[in-house]
Amino acid sequence: MQPQTIVERPPEKRWTNEFLDEMRQTTDPLGDRTVAALFENGGLDSVNSLWDRLLKNDQIPPGGLPREIQTYLQQSGTLPAWADPQLISEGERFFINRGVFCLVSLLCCGLPECYVLRNEATVLGTTRNLEQHAYRRIFETTQLIVAVMAPGGLARNGSGVVAAQKVRLMHAAIRHLILNTPRHSATTGPPKGLSEAVQRTPPWDVSKLGRPINQEDMAYTLLTFSYVILRAFRTMEIEVTTDETKAYLHCWNVVGYIMGVREDLLAHNLEEAEFLFSKIKRRQIGESEQGQALANALVDCTKKIIGHETGGILDRSITKHFPPIMMRLLLDRRTVKILRVKRLTFFEWIILILIRILVAPFQSLYQKLVLTLGTKFGALLVDDLTRIPRGWNRRLFQIPEQLRTAWKLKAGRQ
């Protein structure tokens with residue numbers, strides 16, 4: 001089932017440069033109206049307060065919500081008419097079976113693919129999510145995927161629906177602050193929050209950069225959670241059936257709808273997804289200091305998360321080397337070069353070469369090795385995420401019991 005507004009046309013006819021140029025000036029009317037109404041009634045302080053509450057809480061705090069937020073929650077929480085419960089259920093089953101590798105793929109290629117878009121990296125650098133709070137960025141994205149794809153996540157008021165609503169509102173708050181915060185470049189010392197961080201950046205050039213977190217950027221980012229993860233399975237020679245591919249893409253299209261991505265920017269099969277992702281990447285790719293800092297902070301933080309204990313045949317002293325190796329396996333050389341990912345150690349180069357040598361002559365052994373290493377790395381990462389305090393009013397990383405059992409994670413960590 002597909003959105004009724006989608007006309008069956010070839011991707012190259014639907015997603016032209018002219019159309020995507022228009023999408024760079026288009027954002028999310030509902031989210032923007034909500035934040036603009038807050039600003040009108042309470043000024044910039046009300047938007048800063050909203051950002052602070054969203055940042056420090058797992059969900060949108062229910063107590064004392066302004067009328068504008070209550071209206072937003074009512075209007076944004078409905079699934080699209082074309083949402084298919086059977087496809088969603090099939091997507092959830094795929095995640096139960098392969099979710100650990102999905103999380104590994106997100107960290108090792110999904111997030112880095114965002115950082116090669118120079119304008120999107122500029123926005124992410126402004127929010128300081130990875131440069132100064134890299135752990136939080138890892139928590140937010142991995143927790144989002146679990147919330148969305150866990151059984152029942154996309155049901156009415158499910159964890160995935162609520163998480164998507166929160167992200168949509170955060171995006172609208174970021175847009176408003178970037179476009180409306182007065183600049184004071186003379187301020188010194190570490191920024192105390194997003195608004196102060198924005199004050200130190202040059203004014204946002206809408207004509208040159210497009211609007212921050214615009215529809216083209218949103219569509220591309222959505223594809224890093226859906227298409228790029230499926231691409232990682234293909235790159236690593238791990239079989240994903242046609243039905244699993246269709247179901248997984250459908251789940252994330254539903255999420256995109258809730259997050260405010262236009263229906264005419266949703267890809268409904270792997271071919272469309274590949275076309276749209278590749279086209280946007282070609283249009284927006286470029287080096288940036290923010291993108292390079294974000295990518296290397298991601299590698300360093302992931303290695304630290306899983307590198308503090310040892311034990312077992314594949315202990316953490318070995319698995320902590322997996323993030324940079326996996327990045328080079330899952331990203332093309334141009335992307336690695338643009339991000340200036342840190343050079344591999346001699347040990348990491350040896351592992352990478354051995355893995356590549358196994359691809360052609362020992363495909364079966366290669367698939368088993370990749371699944372074993374990837375699953376081990378992912379399980380260690382997820383297990384540690386469930387133990388690291390997140391600060392403020394946030395709970396520890398949440399893994400539903402059904403996923404915990406399927407992924408053979410340790411108990412008693414939440």
# chains A, B, ... in the order shown; residues from 1 in each chain; ligands from 1

$ closest_atom_pairs --of "segment 190-238 of chain A" --to "segment 105-110 of chain A" --cutoff "8 Å" --atoms "only C-alpha atoms" --output "CSV"
residue,atom,partner,partner_atom,distance
A:Thr224,CA,A:Gly110,CA,4.8
A:Phe225,CA,A:Gly110,CA,6.3
A:Val228,CA,A:Gly110,CA,5.9
A:Ile229,CA,A:Ser105,CA,5.5
A:Ala232,CA,A:Ser105,CA,6.2

$ residues_around --residues "Leu371 of chain A" --least-positions-apart "3" --cutoff "8 Å" --atoms "only C-alpha atoms" --output "JSON, numbers by chain"
{"A": [101, 238, 367, 368, 374, 375]}

$ select_by_dssp --residues "segment 188-413 of chain A" --states "alpha helix (DSSP H)" --output "ChimeraX atom specification"
/A:194-199,206-209,215-225,227-235,242-259,270-284,289-306,316-319,322-330,333-339,346-358,363-385,401-406

$ atom_distance --atom1 "atom CA of Ala121 of chain A" --atom2 "atom CA of Leu270 of chain A"
25.4 Å

$ residues_around --residues "segment 335-345 of chain A" --least-positions-apart "2" --cutoff "9 Å" --atoms "only C-alpha atoms" --output "list in words"
Pro112, Glu113, Tyr115, Val116, Ile285, Gly286, Glu287, Ser288, Glu289, Gly291, Gln292, Ala293, Leu294, Ala295, Asn296, Val299, His321, Pro324, Ile325, Met327, Arg328, Leu331, Asp332, Arg333, Phe347, Glu348, Trp349 and Ile350 of chain A

$ closest_residue --among "A:Ser49, A:Leu103, A:Val162, A:Arg24" --to "Gln74 of chain A" --atoms "only C-alpha atoms"
A:Val162

$ atom_distance --atom1 "atom CA of Cys114 of chain A" --atom2 "atom CA of Ile174 of chain A"
16.9 Å

$ residues_around --residues "segment 210-217 of chain A" --least-positions-apart "4" --cutoff "6 Å" --atoms "only C-alpha atoms" --output "list of chain:residue names"
A:Met23, A:Arg24, A:Gln25, A:Thr26, A:Thr27, A:Arg175, A:Val206

$ closest_residue --among "A:Asn119, A:Ser46, A:Thr181, A:Thr241" --to "Lys281 of chain A" --atoms "only C-alpha atoms"
A:Asn119

$ atom_distance --atom1 "atom CA of Trp82 of chain A" --atom2 "atom CA of Leu30 of chain A"
20.0 Å

$ closest_residue --among "A:Leu50, A:Met236, A:Ala81, A:Ile96" --to "Leu38 of chain A" --atoms "only C-alpha atoms"
A:Leu50
